[in-house]
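Working notes for the structure below.
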Amino acid sequence: MSERQASAAAAPPDSAAGSPLELSGAALRSLVEAAMDRIAPHLDSLPSQPAADTEGGATLARSLVEPMPETPAPLGEVLDLLFERAVPKSFNTAGPGYLAYIPGGGLPHAAVADLIADTVNRYVGVFAAAPALAQLEANVLAWFAGLAGYPPTARGLLTSGGSLANFTALVTARRERLPEQFLGGTLYTSDQAHHSVQKAAMLAGFPLESVRAIPSDPAFRLRLDLLAERIAADRRAGRLPFLVVASAGTTNTGAVDPLAPLADLCAREGLWLHVDAAYGGFFLLTARGRRVLAGIERADSIVLDPHKSLFLPYGTGALLVRDGGALRRAHSLAADYMPPLSSEDDLIDFCEISPELSRPFRGLRVWLPWKLLGAAPFRQALDEKLDLARWAADQLRALPEVEMLAEPELSLLAFRLAPPGLTGAAALNRLNRDWLARTNARRRAYLTGTMLGDRFALRICIVSFRTHLDRVAQAIEDLRAAAHEALAGLGRGGAAGPPVPPPAPART
């Protein structure tokens, strides 16, 4: 065998020209157009789809178990599986009737941003790798920081959601406020805080008993008097109080803790104040939201979820830290294989201020919609949600059997049926679970419930940009009818009441 023949035999085959992994521009266009043939009608039919339909979902899921495919499947067959079988059996989180949990709207402009970001596939974790794109993401975070009232020295990062953002904030606060041996550290939050706070503490190495759940007041806000007492008691016991987590829109009731008084207390005690504003933060775009959230600008760190009240797709959270240097001190490490990092404060290496080295280009899914639309439509939509929540509360309050448990501070309210003469928590809770099930069975709106102490409450959360007066009116109509049925099952009538006029046009 000649030297050339030996070299050719040792070389790998050149299969690039025929590889299905290397799509041409024309092939990608064809693939996207085929997907759009399903996506566009799906998008247009969202208002007529059930608000939730998971019946038989477990059976369907088990039927989809399969071995790893070795050969290609036809595109039409794959799209049929997704759009005709898998997607419909779910909560319709993108639809106008999804009033459960805290909705995510899924703004389609962000899907275009993701297509661009995933196709160009640039790495933005290090500024030098994609300077202009990294700057676009930094711009987004600077916009958020300005909205929160933070100084130009603040820094932030986009995350997969509020849970990772809360974790990153807690680690940063631990680094800034506690010694290296930190297990004596104690953190405080209300009994209404999101469970991601406890999870963040656990993942950051704290025993769960280090998280003090301070009782809330009748409006479900953290009680400052009890907080101050617990901090003092922990100091006397040799503990190291270091962090208070306030809520700016709880998941249970939408309650906003007293942010300015909490900032005063934390300043006196030398504690880090973190505000979980995952749900409520972007209401800062509105005048009413700024009044409710007054004092948030004094927090040391803030969590925002663009996939909630900025209407973006799931997987878009954010953390802001007033002292940008604190993020770097908590997360910066060097490695020989890394490209050169920036030595200039205004050129941000996101890997230096976050837990992630490998990360997607999340910034484009925020930047592109705001560039194409401007802030005004977001502000107007949020004002509309504030109006709709108050209108829904007025409608429910007019029903004689309904007890409002949490008035809307933002766009979330909680309530229950409490007919005269029906006593006992268990009986009332059974009635209200029945009411919720009967309402959701109509499939025009999907609501969820929660426990407020020993009381089961129904919740309405209005956040989706697709939810307008017509759908909220349908939800109220279904609640009225379902209440009549539930009460009739107890041998009672009721749940009728005078309609309340529709809300005035949204105010900015």
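Each chain of the structure tokens is named A, B, ... in the order shown, its residues numbered from 1; ligands are numbered from 1 in display order.
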Residue contacts of Glu401 of chain A (6 Å, only C-alpha atoms) excluding same-chain residues fewer than 3 positions away, as a PyMOL selection string:
chain A and resi 417-419
Taking 6 positions as the minimum chain separation for residues in the same chain, which residues sit within 12 Å of Arg443 of chain A when counting only C-alpha atoms? Answer as an mmCIF file with C-alpha atoms, in the first residue's frame.
```
data_model
loop_
_atom_site.group_PDB
_atom_site.id
_atom_site.type_symbol
_atom_site.label_atom_id
_atom_site.label_comp_id
_atom_site.auth_asym_id
_atom_site.auth_seq_id
_atom_site.Cartn_x
_atom_site.Cartn_y
_atom_site.Cartn_z
ATOM 1 C CA PRO A 47 -59.532 31.721 22.202
ATOM 2 C CA SER A 48 -61.725 28.765 21.223
ATOM 3 C CA GLN A 49 -59.510 26.066 22.733
ATOM 4 C CA PRO A 50 -60.411 24.696 26.187
ATOM 5 C CA ALA A 51 -58.755 26.629 29.001
ATOM 6 C CA ALA A 52 -57.449 23.282 30.239
ATOM 7 C CA ASP A 53 -57.844 19.697 29.048
ATOM 8 C CA THR A 54 -55.716 17.014 30.691
ATOM 9 C CA GLU A 55 -58.291 14.199 30.850
ATOM 10 C CA PHE A 91 -53.259 23.552 30.491
ATOM 11 C CA ASN A 92 -53.797 26.158 27.775
ATOM 12 C CA GLY A 95 -54.938 31.142 26.013
ATOM 13 C CA PRO A 96 -57.130 33.980 27.308
ATOM 14 C CA GLY A 97 -59.000 31.753 29.791
ATOM 15 C CA TYR A 98 -55.943 30.679 31.754
ATOM 16 C CA LEU A 99 -56.449 32.514 35.048
ATOM 17 C CA LEU A 436 -63.843 25.213 41.637
ATOM 18 C CA ALA A 437 -64.306 21.861 39.905
ATOM 19 C CA ARG A 471 -63.100 36.311 28.931
ATOM 20 C CA GLN A 474 -67.247 34.552 30.981
ATOM 21 C CA ALA A 475 -65.291 33.422 34.035
ATOM 22 C CA ASP A 478 -69.293 30.437 34.999
ATOM 23 C CA LEU A 479 -68.527 31.105 38.655
#
```
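Of the residues listed (A:Leu178, A:Val256, A:Ala375, A:Leu28), A:Val256 shows the shortest atom-to-atom separation from Gly289 of chain A; distances use only C-alpha atoms.
A straight line drawn from atom CA of Tyr101 of chain A to atom CA of Arg221 of chain A is 18.9 Å long.
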* Can you list, as an MDAnalysis selection string, every protein, DNA or RNA residue that comes within 12 Å of Ala228 of chain A when you count only C-alpha atoms, leaving out same-chain residues fewer than 4 positions away? -> chainID A and resid 188:189 212 214 222:224 232:235 241 244 261:262 264:266 268:269 271
Take the residues from that selection and write them out as a short mmCIF file (atom, residue, chain, number, x, y, z; two decimals), in the first residue's frame, keeping N, CA and C atoms.
```cif
data_model
loop_
_atom_site.label_atom_id
_atom_site.label_comp_id
_atom_site.auth_asym_id
_atom_site.auth_seq_id
_atom_site.Cartn_x
_atom_site.Cartn_y
_atom_site.Cartn_z
N TYR A 188 -35.14 35.44 56.80
CA TYR A 188 -36.52 35.68 57.23
C TYR A 188 -37.39 35.99 56.01
N THR A 189 -38.59 35.43 56.05
CA THR A 189 -39.56 35.74 55.01
C THR A 189 -40.94 35.54 55.61
N ARG A 212 -36.77 31.45 58.72
CA ARG A 212 -37.83 31.82 59.66
C ARG A 212 -39.04 32.31 58.87
N ILE A 214 -42.19 34.17 59.03
CA ILE A 214 -42.85 35.12 59.92
C ILE A 214 -44.34 35.19 59.57
N LEU A 222 -46.28 40.44 55.38
CA LEU A 222 -45.34 40.14 56.46
C LEU A 222 -45.49 41.14 57.61
N ARG A 223 -45.55 40.65 58.84
CA ARG A 223 -45.72 41.51 60.01
C ARG A 223 -44.36 42.00 60.49
N LEU A 224 -44.15 43.30 60.45
CA LEU A 224 -42.87 43.87 60.84
C LEU A 224 -42.59 43.69 62.33
N ALA A 232 -34.33 39.92 66.89
CA ALA A 232 -33.71 40.18 68.20
C ALA A 232 -33.51 38.88 68.96
N ALA A 233 -34.50 37.99 68.94
CA ALA A 233 -34.38 36.72 69.65
C ALA A 233 -33.25 35.88 69.07
N ASP A 234 -33.13 35.87 67.74
CA ASP A 234 -32.07 35.08 67.11
C ASP A 234 -30.69 35.65 67.45
N ARG A 235 -30.56 36.96 67.51
CA ARG A 235 -29.27 37.54 67.88
C ARG A 235 -28.91 37.14 69.31
N PRO A 241 -28.48 36.71 61.86
CA PRO A 241 -29.45 37.20 60.87
C PRO A 241 -28.72 37.94 59.74
N VAL A 244 -33.51 39.31 54.66
CA VAL A 244 -34.97 39.33 54.69
C VAL A 244 -35.45 39.24 53.24
N PRO A 261 -41.04 50.20 54.87
CA PRO A 261 -40.70 49.90 56.26
C PRO A 261 -39.71 48.75 56.40
N LEU A 262 -39.80 47.76 55.53
CA LEU A 262 -38.82 46.67 55.57
C LEU A 262 -37.42 47.17 55.23
N ASP A 264 -36.32 50.14 55.87
CA ASP A 264 -35.86 50.84 57.08
C ASP A 264 -35.31 49.84 58.10
N LEU A 265 -36.07 48.77 58.34
CA LEU A 265 -35.65 47.78 59.33
C LEU A 265 -34.33 47.13 58.92
N CYS A 266 -34.20 46.76 57.65
CA CYS A 266 -32.97 46.10 57.20
C CYS A 266 -31.78 47.05 57.30
N ARG A 268 -31.40 49.41 59.54
CA ARG A 268 -31.04 49.48 60.98
C ARG A 268 -30.30 48.22 61.43
N GLU A 269 -30.72 47.07 60.92
CA GLU A 269 -30.18 45.80 61.39
C GLU A 269 -28.98 45.31 60.59
N LEU A 271 -29.09 44.12 57.49
CA LEU A 271 -29.51 42.92 56.76
C LEU A 271 -29.68 43.22 55.27
#
```
Hey, what's within 8 Å of Ala318 of chain A if we count only C-alpha atoms and toss same-chain stuff fewer than 3 positions away? As a JSON list (two decimals) with N, CA and C atoms, in the first residue's frame, please?
```json
[["chain", "number", "residue", "atom", "x", "y", "z"],
["A", 156, "GLY", "N", -27.22, 42.82, 36.62],
["A", 156, "GLY", "CA", -28.22, 41.78, 36.67],
["A", 156, "GLY", "C", -27.95, 40.70, 35.66],
["A", 157, "LEU", "N", -28.79, 39.70, 35.68],
["A", 157, "LEU", "CA", -28.67, 38.59, 34.75],
["A", 157, "LEU", "C", -30.04, 38.03, 34.45],
["A", 158, "LEU", "N", -30.19, 37.46, 33.28],
["A", 158, "LEU", "CA", -31.40, 36.74, 32.93],
["A", 158, "LEU", "C", -31.22, 35.28, 33.31],
["A", 159, "THR", "N", -32.28, 34.69, 33.84],
["A", 159, "THR", "CA", -32.23, 33.31, 34.31],
["A", 159, "THR", "C", -33.37, 32.52, 33.67],
["A", 160, "SER", "N", -33.46, 31.26, 34.07],
["A", 160, "SER", "CA", -34.57, 30.43, 33.57],
["A", 160, "SER", "C", -35.88, 30.77, 34.26],
["A", 161, "GLY", "N", -35.84, 31.49, 35.38],
["A", 161, "GLY", "CA", -37.05, 31.85, 36.10],
["A", 161, "GLY", "C", -36.73, 32.34, 37.49],
["A", 162, "GLY", "N", -37.78, 32.58, 38.27],
["A", 162, "GLY", "CA", -37.61, 33.14, 39.60],
["A", 162, "GLY", "C", -36.89, 32.24, 40.56],
["A", 165, "ALA", "N", -33.25, 32.69, 40.05],
["A", 165, "ALA", "CA", -32.92, 34.06, 40.43],
["A", 165, "ALA", "C", -32.90, 34.21, 41.95],
["A", 303, "VAL", "N", -35.96, 40.12, 42.24],
["A", 303, "VAL", "CA", -36.28, 39.13, 41.20],
["A", 303, "VAL", "C", -37.47, 39.62, 40.40],
["A", 304, "LEU", "N", -37.34, 39.53, 39.09],
["A", 304, "LEU", "CA", -38.43, 39.82, 38.15],
["A", 304, "LEU", "C", -38.58, 38.63, 37.22],
["A", 305, "ASP", "N", -39.80, 38.32, 36.83],
["A", 305, "ASP", "CA", -40.01, 37.25, 35.84],
["A", 305, "ASP", "C", -40.66, 37.84, 34.60],
["A", 306, "PRO", "N", -39.88, 38.10, 33.54],
["A", 306, "PRO", "CA", -40.50, 38.54, 32.29],
["A", 306, "PRO", "C", -41.52, 37.55, 31.74]]
```
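Shortest separation to Leu388 of chain A among A:Leu82, A:Ala260, A:Val366, A:Leu413 occurs at residue A:Leu413, atoms counted being only C-alpha atoms.
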Task: Contacts of Arg455 of chain A at 7 Å (only C-alpha atoms; same-chain gap of 2+ positions) as JSON, numbers by chain - done: {"A": [425, 429, 451, 452, 453, 457]}
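The list of residues with at least one atom within 10 Å of Ala61 of chain A, based on only C-alpha atoms and without residues fewer than 5 positions apart in the same chain, reads Gly56, Arg85, Ala86 and Lys89 of chain A.
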Can I get the selection written as a PDB file, in the first residue's frame, with N, CA, C and O atoms?
```
ATOM      1  N   GLY A  56     -57.248  12.066  30.469  1.00  0.00           N
ATOM      2  CA  GLY A  56     -56.577  11.025  29.688  1.00  0.00           C
ATOM      3  C   GLY A  56     -55.127  11.338  29.396  1.00  0.00           C
ATOM      4  O   GLY A  56     -54.477  10.606  28.627  1.00  0.00           O
ATOM      5  N   ARG A  85     -52.089  15.620  19.122  1.00  0.00           N
ATOM      6  CA  ARG A  85     -52.172  14.745  20.285  1.00  0.00           C
ATOM      7  C   ARG A  85     -51.542  15.358  21.528  1.00  0.00           C
ATOM      8  O   ARG A  85     -52.189  15.445  22.572  1.00  0.00           O
ATOM      9  N   ALA A  86     -50.290  15.780  21.449  1.00  0.00           N
ATOM     10  CA  ALA A  86     -49.559  16.170  22.665  1.00  0.00           C
ATOM     11  C   ALA A  86     -49.956  17.557  23.172  1.00  0.00           C
ATOM     12  O   ALA A  86     -50.264  17.732  24.356  1.00  0.00           O
ATOM     13  N   LYS A  89     -53.575  18.226  25.035  1.00  0.00           N
ATOM     14  CA  LYS A  89     -53.794  17.652  26.365  1.00  0.00           C
ATOM     15  C   LYS A  89     -52.906  18.353  27.385  1.00  0.00           C
ATOM     16  O   LYS A  89     -51.884  17.827  27.837  1.00  0.00           O
TER      17      LYS A  89
END
```
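Residue nearest Glu297 of chain A, chosen from A:Arg444, A:Arg359, A:Arg239, A:Arg322 and counting only C-alpha atoms: A:Arg322.
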Next on the checklist: Env of Leu310 of chain A: 9 Å cut, atoms = only C-alpha atoms, seq-sep filter 5 positions within chain, self excluded. Answer as a list in words.
Outcome noted: Gly104, Gly105, Leu107, Phe282, Phe283, Asp305, Val366, Phe378, Leu382, Val463, Ser464 and Phe465 of chain A
Print the selection's residues with N, CA, C and O atoms to a file, as an mmCIF file, in the first residue's frame.
```cif
data_model
loop_
_atom_site.group_PDB
_atom_site.id
_atom_site.type_symbol
_atom_site.label_atom_id
_atom_site.label_comp_id
_atom_site.auth_asym_id
_atom_site.auth_seq_id
_atom_site.Cartn_x
_atom_site.Cartn_y
_atom_site.Cartn_z
ATOM 1 N N GLY A 104 -48.300 32.644 32.115
ATOM 2 C CA GLY A 104 -47.269 33.143 31.212
ATOM 3 C C GLY A 104 -47.888 33.269 29.836
ATOM 4 O O GLY A 104 -48.514 32.325 29.349
ATOM 5 N N GLY A 105 -47.756 34.404 29.212
ATOM 6 C CA GLY A 105 -48.501 34.640 27.979
ATOM 7 C C GLY A 105 -47.903 34.033 26.731
ATOM 8 O O GLY A 105 -48.612 33.574 25.855
ATOM 9 N N LEU A 107 -45.528 35.606 24.381
ATOM 10 C CA LEU A 107 -45.573 36.590 23.305
ATOM 11 C C LEU A 107 -44.895 36.025 22.047
ATOM 12 O O LEU A 107 -43.722 35.646 22.081
ATOM 13 N N PHE A 282 -43.087 43.904 37.159
ATOM 14 C CA PHE A 282 -43.243 44.707 35.944
ATOM 15 C C PHE A 282 -44.466 45.616 35.982
ATOM 16 O O PHE A 282 -44.628 46.459 35.087
ATOM 17 N N PHE A 283 -45.293 45.509 37.035
ATOM 18 C CA PHE A 283 -46.331 46.515 37.213
ATOM 19 C C PHE A 283 -45.717 47.881 37.541
ATOM 20 O O PHE A 283 -46.428 48.892 37.552
ATOM 21 N N ASP A 305 -39.801 38.319 36.831
ATOM 22 C CA ASP A 305 -40.006 37.252 35.842
ATOM 23 C C ASP A 305 -40.657 37.835 34.596
ATOM 24 O O ASP A 305 -41.886 38.034 34.555
ATOM 25 N N VAL A 366 -36.221 39.232 25.014
ATOM 26 C CA VAL A 366 -36.753 40.440 25.643
ATOM 27 C C VAL A 366 -36.498 41.650 24.758
ATOM 28 O O VAL A 366 -37.377 42.469 24.521
ATOM 29 N N PHE A 378 -46.955 47.351 26.557
ATOM 30 C CA PHE A 378 -46.837 46.555 27.777
ATOM 31 C C PHE A 378 -47.484 47.302 28.949
ATOM 32 O O PHE A 378 -48.209 46.710 29.757
ATOM 33 N N LEU A 382 -50.775 46.013 31.096
ATOM 34 C CA LEU A 382 -50.732 45.827 32.548
ATOM 35 C C LEU A 382 -51.790 46.678 33.242
ATOM 36 O O LEU A 382 -52.417 46.239 34.215
ATOM 37 N N VAL A 463 -53.114 37.940 34.051
ATOM 38 C CA VAL A 463 -51.817 38.450 33.591
ATOM 39 C C VAL A 463 -51.655 38.329 32.075
ATOM 40 O O VAL A 463 -50.981 39.140 31.470
ATOM 41 N N SER A 464 -52.282 37.358 31.450
ATOM 42 C CA SER A 464 -52.032 37.140 30.027
ATOM 43 C C SER A 464 -52.429 38.352 29.190
ATOM 44 O O SER A 464 -53.488 38.951 29.399
ATOM 45 N N PHE A 465 -51.607 38.677 28.213
ATOM 46 C CA PHE A 465 -51.928 39.790 27.306
ATOM 47 C C PHE A 465 -53.124 39.455 26.425
ATOM 48 O O PHE A 465 -53.716 40.349 25.823
#
```
Taking the DSSP assignment computed from this structure's backbone, write out as a PyMOL selection string all residues of segment 340-482 of chain A that belong to alpha helix (DSSP H).
chain A and resi 363-373+376-397+425-440+469-482
